[in-house]
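For reference, coords-v2.pdb (PDB, C-alpha atoms):
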MODEL        1
ATOM      1  CA  MET R   1      82.822  18.872 -81.812
ATOM      2  CA  SER R   2      80.736  22.024 -81.441
ATOM      3  CA  LEU R   3      77.526  23.469 -82.812
ATOM      4  CA  ARG R   4      79.433  26.001 -84.909
ATOM      5  CA  ALA R   5      79.168  23.967 -88.129
ATOM      6  CA  TRP R   6      75.422  23.459 -87.663
ATOM      7  CA  LEU R   7      74.873  27.169 -87.087
ATOM      8  CA  ARG R   8      76.621  27.869 -90.399
ATOM      9  CA  ALA R   9      75.245  24.993 -92.498
ATOM     10  CA  PRO R  10      73.205  26.253 -95.492
ATOM     11  CA  GLY R  11      70.230  24.567 -97.090
ATOM     12  CA  SER R  12      67.657  22.397 -95.357
ATOM     13  CA  LEU R  13      68.238  21.592 -91.685
ATOM     14  CA  SER R  14      65.621  18.837 -91.934
ATOM     15  CA  ALA R  15      67.516  17.159 -94.774
ATOM     16  CA  ARG R  16      70.784  17.272 -92.837
ATOM     17  CA  LEU R  17      69.189  15.743 -89.745
ATOM     18  CA  ALA R  18      67.468  13.062 -91.834
ATOM     19  CA  ARG R  19      70.882  11.754 -92.922
ATOM     20  CA  HIS R  20      71.414  10.563 -89.350
ATOM     21  CA  GLY R  21      68.294   8.417 -88.983
ATOM     22  CA  ARG R  22      64.496   8.438 -88.930
ATOM     23  CA  PHE R  23      63.409  12.068 -89.098
ATOM     24  CA  GLU R  24      60.135  13.307 -87.605
ATOM     25  CA  VAL R  25      58.395  16.632 -87.094
ATOM     26  CA  GLN R  26      56.413  16.977 -83.865
ATOM     27  CA  LEU R  27      53.955  19.827 -84.316
ATOM     28  CA  LEU R  28      53.477  21.724 -81.059
ATOM     29  CA  ARG R  29      51.431  24.706 -82.169
ATOM     30  CA  GLN R  30      50.262  26.510 -85.282
ATOM     31  CA  ALA R  31      48.055  29.419 -84.335
ATOM     32  CA  THR R  32      47.683  33.181 -84.293
ATOM     33  CA  ALA R  33      49.936  34.872 -81.769
ATOM     34  CA  LYS R  34      51.738  38.119 -81.086
ATOM     35  CA  LEU R  35      55.145  38.549 -82.663
ATOM     36  CA  ARG R  36      58.168  38.969 -80.424
ATOM     37  CA  ALA R  37      60.370  42.048 -80.784
ATOM     38  CA  PRO R  38      63.004  40.424 -83.086
ATOM     39  CA  GLU R  39      60.223  39.085 -85.314
ATOM     40  CA  ARG R  40      58.602  42.512 -85.602
ATOM     41  CA  GLN R  41      61.968  44.024 -86.514
ATOM     42  CA  GLN R  42      62.449  41.603 -89.394
ATOM     43  CA  LEU R  43      58.877  41.088 -90.585
ATOM     44  CA  GLY R  44      57.395  44.470 -89.749
ATOM     45  CA  ARG R  45      53.975  44.989 -88.217
ATOM     46  CA  PRO R  46      51.109  43.508 -90.245
ATOM     47  CA  ARG R  47      49.115  46.028 -92.251
ATOM     48  CA  ARG R  48      45.943  44.217 -91.313
ATOM     49  CA  GLY R  49      44.872  41.074 -89.511
ATOM     50  CA  CYS R  50      46.999  38.946 -87.230
ATOM     51  CA  THR R  51      50.242  37.034 -87.277
ATOM     52  CA  LEU R  52      50.791  33.282 -87.294
ATOM     53  CA  VAL R  53      53.420  31.188 -85.532
ATOM     54  CA  ARG R  54      54.301  27.529 -86.054
ATOM     55  CA  GLU R  55      56.358  25.750 -83.390
ATOM     56  CA  VAL R  56      57.792  22.247 -83.750
ATOM     57  CA  VAL R  57      60.325  19.813 -82.323
ATOM     58  CA  LEU R  58      62.554  18.014 -84.826
ATOM     59  CA  ARG R  59      63.451  14.440 -83.866
ATOM     60  CA  VAL R  60      65.955  11.886 -85.148
ATOM     61  CA  ASN R  61      65.339   8.248 -84.179
ATOM     62  CA  GLY R  62      62.872   9.522 -81.604
ATOM     63  CA  GLU R  63      65.353  11.868 -79.922
ATOM     64  CA  PRO R  64      64.336  15.563 -79.763
ATOM     65  CA  LEU R  65      67.172  17.662 -81.165
ATOM     66  CA  VAL R  66      65.809  21.013 -82.383
ATOM     67  CA  TRP R  67      63.029  23.392 -81.364
ATOM     68  CA  ALA R  68      61.939  25.660 -84.203
ATOM     69  CA  ARG R  69      59.575  28.618 -84.447
ATOM     70  CA  SER R  70      58.303  30.075 -87.721
ATOM     71  CA  SER R  71      56.447  33.377 -87.891
ATOM     72  CA  LEU R  72      54.707  35.329 -90.630
ATOM     73  CA  HIS R  73      51.857  37.727 -91.274
ATOM     74  CA  LYS R  74      48.640  35.756 -91.450
ATOM     75  CA  SER R  75      47.525  37.653 -94.558
ATOM     76  CA  THR R  76      50.243  35.881 -96.577
ATOM     77  CA  LEU R  77      48.476  32.538 -95.996
ATOM     78  CA  ALA R  78      46.049  33.611 -98.710
ATOM     79  CA  GLY R  79      48.951  34.283-101.054
ATOM     80  CA  PRO R  80      52.605  33.231-101.300
ATOM     81  CA  TRP R  81      52.643  31.034 -98.172
ATOM     82  CA  GLN R  82      49.167  29.489 -98.479
ATOM     83  CA  ALA R  83      50.604  25.939 -98.593
ATOM     84  CA  LEU R  84      51.628  26.365 -94.959
ATOM     85  CA  LYS R  85      47.993  25.927 -93.878
ATOM     86  CA  GLY R  86      47.944  22.238 -94.815
ATOM     87  CA  LEU R  87      51.522  21.398 -93.911
ATOM     88  CA  GLY R  88      50.722  19.563 -90.674
ATOM     89  CA  ARG R  89      53.608  17.343 -89.525
ATOM     90  CA  ARG R  90      55.507  17.603 -92.787
ATOM     91  CA  PRO R  91      58.759  19.594 -92.657
ATOM     92  CA  LEU R  92      58.616  23.230 -93.675
ATOM     93  CA  ALA R  93      61.585  22.487 -95.933
ATOM     94  CA  GLU R  94      59.118  21.050 -98.473
ATOM     95  CA  LEU R  95      57.924  24.597 -99.137
ATOM     96  CA  LEU R  96      61.244  26.386 -98.888
ATOM     97  CA  TYR R  97      63.711  24.335-100.916
ATOM     98  CA  GLN R  98      61.624  23.068-103.828
ATOM     99  CA  ASP R  99      60.744  26.504-105.177
ATOM    100  CA  ARG R 100      63.525  28.424-106.916
ATOM    101  CA  ARG R 101      61.639  31.674-106.378
ATOM    102  CA  VAL R 102      62.232  31.480-102.624
ATOM    103  CA  GLN R 103      65.150  33.551-101.344
ATOM    104  CA  ARG R 104      66.843  33.357 -97.965
ATOM    105  CA  SER R 105      68.548  36.049 -95.932
ATOM    106  CA  THR R 106      71.907  35.717 -94.241
ATOM    107  CA  LEU R 107      72.002  33.133 -91.442
ATOM    108  CA  GLN R 108      72.255  34.795 -88.030
ATOM    109  CA  PRO R 109      73.648  32.710 -85.124
ATOM    110  CA  LYS R 110      72.575  33.853 -81.685
ATOM    111  CA  ARG R 111      72.941  32.738 -78.090
ATOM    112  CA  LEU R 112      69.572  33.142 -76.399
ATOM    113  CA  SER R 113      69.320  34.693 -72.971
ATOM    114  CA  PRO R 114      68.623  31.937 -70.396
ATOM    115  CA  CYS R 115      65.858  34.079 -68.895
ATOM    116  CA  GLY R 116      64.555  35.620 -72.117
ATOM    117  CA  PRO R 117      60.931  35.152 -73.238
ATOM    118  CA  THR R 118      61.772  32.924 -76.215
ATOM    119  CA  ARG R 119      63.803  30.451 -74.193
ATOM    120  CA  ARG R 120      61.285  30.396 -71.321
ATOM    121  CA  HIS R 121      58.524  29.642 -73.815
ATOM    122  CA  MET R 122      60.645  26.899 -75.398
ATOM    123  CA  GLN R 123      61.310  25.328 -71.993
ATOM    124  CA  GLN R 124      57.593  25.028 -71.289
ATOM    125  CA  GLN R 125      56.868  23.468 -74.673
ATOM    126  CA  TRP R 126      59.914  21.186 -74.542
ATOM    127  CA  LEU R 127      58.876  19.730 -71.185
ATOM    128  CA  GLN R 128      55.323  19.112 -72.403
ATOM    129  CA  ALA R 129      56.468  17.598 -75.708
ATOM    130  CA  THR R 130      59.322  15.409 -74.479
ATOM    131  CA  GLY R 131      58.610  14.792 -70.794
ATOM    132  CA  THR R 132      62.082  16.038 -69.848
ATOM    133  CA  PRO R 133      63.393  19.553 -69.124
ATOM    134  CA  ALA R 134      65.427  21.300 -71.798
ATOM    135  CA  PRO R 135      69.135  21.151 -70.868
ATOM    136  CA  ALA R 136      70.741  24.308 -69.523
ATOM    137  CA  GLY R 137      73.155  24.305 -72.461
ATOM    138  CA  MET R 138      70.344  24.559 -75.001
ATOM    139  CA  GLN R 139      70.940  28.219 -75.813
ATOM    140  CA  TRP R 140      72.482  28.393 -79.292
ATOM    141  CA  ALA R 141      70.135  29.198 -82.151
ATOM    142  CA  ARG R 142      70.141  30.611 -85.647
ATOM    143  CA  HIS R 143      67.519  32.582 -87.522
ATOM    144  CA  SER R 144      66.893  33.724 -91.064
ATOM    145  CA  VAL R 145      64.119  35.178 -93.204
ATOM    146  CA  PHE R 146      62.692  33.588 -96.350
ATOM    147  CA  LYS R 147      61.057  35.666 -99.064
ATOM    148  CA  ARG R 148      58.618  34.532-101.749
ATOM    149  CA  LYS R 149      56.898  37.075-103.993
ATOM    150  CA  GLY R 150      57.710  39.777-101.457
ATOM    151  CA  ALA R 151      56.129  37.915 -98.507
ATOM    152  CA  LEU R 152      58.426  37.215 -95.549
ATOM    153  CA  LEU R 153      58.689  34.151 -93.302
ATOM    154  CA  ARG R 154      61.084  34.098 -90.335
ATOM    155  CA  ILE R 155      62.475  30.879 -88.846
ATOM    156  CA  LEU R 156      64.332  30.446 -85.551
ATOM    157  CA  GLU R 157      66.044  27.087 -84.892
ATOM    158  CA  LEU R 158      67.298  26.296 -81.377
ATOM    159  CA  PHE R 159      69.718  23.369 -81.050
ATOM    160  CA  HIS R 160      69.987  20.703 -78.340
ATOM    161  CA  PRO R 161      73.662  20.313 -77.289
ATOM    162  CA  ASP R 162      73.596  16.671 -78.492
ATOM    163  CA  VAL R 163      73.439  17.922 -82.088
ATOM    164  CA  ALA R 164      77.126  18.825 -81.742
ATOM    165  CA  ALA R 165      77.986  15.105 -81.824
ATOM    166  CA  LEU R 166      76.500  14.784 -85.332
ATOM    167  CA  ALA R 167      78.222  15.815 -88.552
ATOM    168  CA  PRO R 168      76.233  18.349 -90.599
ATOM    169  CA  TYR R 169      78.116  17.256 -93.739
ATOM    170  CA  PRO R 170      78.379  13.444 -93.357
ATOM    171  CA  GLY R 171      80.586  11.837 -95.978
ATOM    172  CA  THR R 172      81.101  15.049 -97.924
ATOM    173  CA  ARG R 173      83.402  18.004 -97.973
ATOM    174  CA  ARG R 174      82.000  21.168 -96.518
ATOM    175  CA  PRO R 175      80.581  23.341 -99.332
ATOM    176  CA  THR R 176      81.742  26.861 -99.982
ATOM    177  CA  LEU R 177      79.119  29.323 -98.812
ATOM    178  CA  LYS R 178      78.844  31.733-101.713
ATOM    179  CA  THR R 179      75.221  32.781-101.462
ATOM    180  CA  LEU R 180      74.592  32.210 -97.762
ATOM    181  CA  ALA R 181      77.289  33.896 -95.740
ATOM    182  CA  CYS R 182      77.045  33.503 -91.986
ATOM    183  CA  ALA R 183      77.143  36.918 -90.350
ATOM    184  CA  PRO R 184      78.173  37.564 -86.728
ATOM    185  CA  THR R 185      75.554  37.423 -84.025
ATOM    186  CA  GLY R 186      73.280  40.433 -84.197
ATOM    187  CA  ARG R 187      70.075  41.883 -85.556
ATOM    188  CA  LEU R 188      69.332  41.600 -89.230
ATOM    189  CA  HIS R 189      68.719  45.185 -90.317
ATOM    190  CA  HIS R 190      69.866  44.876 -93.948
ATOM    191  CA  PRO R 191      69.414  41.261 -95.101
ATOM    192  CA  GLN R 192      71.566  39.899 -97.887
ATOM    193  CA  TRP R 193      69.333  37.724-100.021
ATOM    194  CA  GLY R 194      70.400  34.568-101.826
ATOM    195  CA  PRO R 195      68.729  31.423-103.190
ATOM    196  CA  ALA R 196      67.211  29.238-100.476
ATOM    197  CA  ARG R 197      68.646  26.175-102.210
ATOM    198  CA  ALA R 198      72.288  25.605-101.321
ATOM    199  CA  PRO R 199      75.066  23.132-102.188
ATOM    200  CA  ARG R 200      74.780  19.803-100.413
TER     201      ARG R 200
ENDMDL
END

As structure tokens - that is how I would like this structure written.
Amino acid sequence: MSLRAWLRAPGSLSARLARHGRFEVQLLRQATAKLRAPERQQLGRPRRGCTLVREVVLRVNGEPLVWARSSLHKSTLAGPWQALKGLGRRPLAELLYQDRRVQRSTLQPKRLSPCGPTRRHMQQQWLQATGTPAPAGMQWARHSVFKRKGALLRILELFHPDVAALAPYPGTRRPTLKTLACAPTGRLHHPQWGPARAPR
């Protein structure tokens, strides 16, 4: 098996992982920080104030399987994304998939550069959070942008190679992706928006 199906799977990643065992969110950081170049391209520079990032490790039965980074303009915490402030160790999916007003852009798979700033940062956090180095094959990620009342939230999800051994659609047929097409690897200049909720 490969990670291809996971990179294309619509809907909540947390919900799909939870089907395989005890699901946990390990919060690594939620603080103001500078946006990286891809984040600035998709979110734009903030008109005022700072930006916020939230970084977590997603675990199933205690095993770390995904490193995720969310980024947004801090000013939106007083508006559309204010619930993020008290989220803590709960999955971000609670905010994204229970509100029909939330839209999601096209999923963008991407292979991270082994020496790029995002992967180097992940390696440092992964070692501190798990006590073991991130495997060399942990390079495949996907990213998308969520929109609520005009406010944008970008999420990057980087997969451990062991995720490939799990089925993203256990016991079901793979749904047809009508609203969330998976585009080729590349920058998201003209997002195609669709409902965040997707067929299970």

Minimum-distance residue to Pro10 in chain R, chosen among R:Lys149, R:Arg36, R:Arg54, R:Arg142 (using all atoms listed in the file): R:Arg142

Target residues per the PyMOL selection byres ((chain R and resi 116-132) around 12), formatted as a ChimeraX atom specification: /R:25-29,35-39,55-59,62-69,111-115,133-141,156-160

With C-alpha atoms retained, export the selected residues as an mmCIF file, keeping the file's coordinate frame.
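Written out: again_24.cif:
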data_model
loop_
_atom_site.group_PDB
_atom_site.id
_atom_site.type_symbol
_atom_site.label_atom_id
_atom_site.label_comp_id
_atom_site.auth_asym_id
_atom_site.auth_seq_id
_atom_site.Cartn_x
_atom_site.Cartn_y
_atom_site.Cartn_z
ATOM 1 C CA VAL R 25 58.395 16.632 -87.094
ATOM 2 C CA GLN R 26 56.413 16.977 -83.865
ATOM 3 C CA LEU R 27 53.955 19.827 -84.316
ATOM 4 C CA LEU R 28 53.477 21.724 -81.059
ATOM 5 C CA ARG R 29 51.431 24.706 -82.169
ATOM 6 C CA LEU R 35 55.145 38.549 -82.663
ATOM 7 C CA ARG R 36 58.168 38.969 -80.424
ATOM 8 C CA ALA R 37 60.370 42.048 -80.784
ATOM 9 C CA PRO R 38 63.004 40.424 -83.086
ATOM 10 C CA GLU R 39 60.223 39.085 -85.314
ATOM 11 C CA GLU R 55 56.358 25.750 -83.390
ATOM 12 C CA VAL R 56 57.792 22.247 -83.750
ATOM 13 C CA VAL R 57 60.325 19.813 -82.323
ATOM 14 C CA LEU R 58 62.554 18.014 -84.826
ATOM 15 C CA ARG R 59 63.451 14.440 -83.866
ATOM 16 C CA GLY R 62 62.872 9.522 -81.604
ATOM 17 C CA GLU R 63 65.353 11.868 -79.922
ATOM 18 C CA PRO R 64 64.336 15.563 -79.763
ATOM 19 C CA LEU R 65 67.172 17.662 -81.165
ATOM 20 C CA VAL R 66 65.809 21.013 -82.383
ATOM 21 C CA TRP R 67 63.029 23.392 -81.364
ATOM 22 C CA ALA R 68 61.939 25.660 -84.203
ATOM 23 C CA ARG R 69 59.575 28.618 -84.447
ATOM 24 C CA ARG R 111 72.941 32.738 -78.090
ATOM 25 C CA LEU R 112 69.572 33.142 -76.399
ATOM 26 C CA SER R 113 69.320 34.693 -72.971
ATOM 27 C CA PRO R 114 68.623 31.937 -70.396
ATOM 28 C CA CYS R 115 65.858 34.079 -68.895
ATOM 29 C CA PRO R 133 63.393 19.553 -69.124
ATOM 30 C CA ALA R 134 65.427 21.300 -71.798
ATOM 31 C CA PRO R 135 69.135 21.151 -70.868
ATOM 32 C CA ALA R 136 70.741 24.308 -69.523
ATOM 33 C CA GLY R 137 73.155 24.305 -72.461
ATOM 34 C CA MET R 138 70.344 24.559 -75.001
ATOM 35 C CA GLN R 139 70.940 28.219 -75.813
ATOM 36 C CA TRP R 140 72.482 28.393 -79.292
ATOM 37 C CA ALA R 141 70.135 29.198 -82.151
ATOM 38 C CA LEU R 156 64.332 30.446 -85.551
ATOM 39 C CA GLU R 157 66.044 27.087 -84.892
ATOM 40 C CA LEU R 158 67.298 26.296 -81.377
ATOM 41 C CA PHE R 159 69.718 23.369 -81.050
ATOM 42 C CA HIS R 160 69.987 20.703 -78.340
#

Residue members of the PyMOL selection byres ((chain R and resi 18) around 12) in the file shown, as a ChimeraX atom specification: /R:12-17,19-25,58-62,65,91,93,166-170

Long-range neighbours of range 78-87 of chain R as a list in words, 9 Å cut-off, only C-alpha atoms, 4 positions minimum in chain: Gln30, Leu72, Lys74, Pro91, Leu92, Glu94, Leu95, Arg148, Lys149, Gly150, Ala151, Leu152 and Leu153 of chain R

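Of the listed residues (R:Arg90, R:Pro109, R:Arg40, R:Leu7), R:Arg40 comes nearest to Ser71 in chain R; the distances count all atoms listed in the file.
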
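The gap separating CA of Pro161 in chain R from CA of Gln98 in chain R is 29.3 Å, in Å to one decimal.
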
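Minimum atom-to-atom distance to Arg8 in chain R, evaluated using only C-alpha atoms, belongs to R:His143 out of R:Ser75, R:His143, R:Gly88, R:Ile155.
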
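Nearest to Gln42 in chain R of all the residues R:Val102, R:Val145, R:Ala9, R:Leu77 is R:Val145, based on all atoms listed in the file.
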
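Counting from CA of Gln103 in chain R, the distance to CA of Ser2 in chain R is 27.8 Å.
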
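Distance-wise, CA of Trp6 in chain R and CA of Val163 in chain R end up 8.1 Å apart.
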
Among listed residues R:Lys147, R:Gln41, R:Val53, R:Arg4, nearest Thr106 in chain R (using only C-alpha atoms): R:Lys147

Let me have the centre and edge lengths of the axis-aligned box enclosing all listed atoms of range 121-124 of chain R with 5 Å padding on every side, in Å to one decimal, as JSON.
{"center_x": 59.5, "center_y": 27.3, "center_z": -73.3, "size_x": 13.7, "size_y": 14.6, "size_z": 14.1}
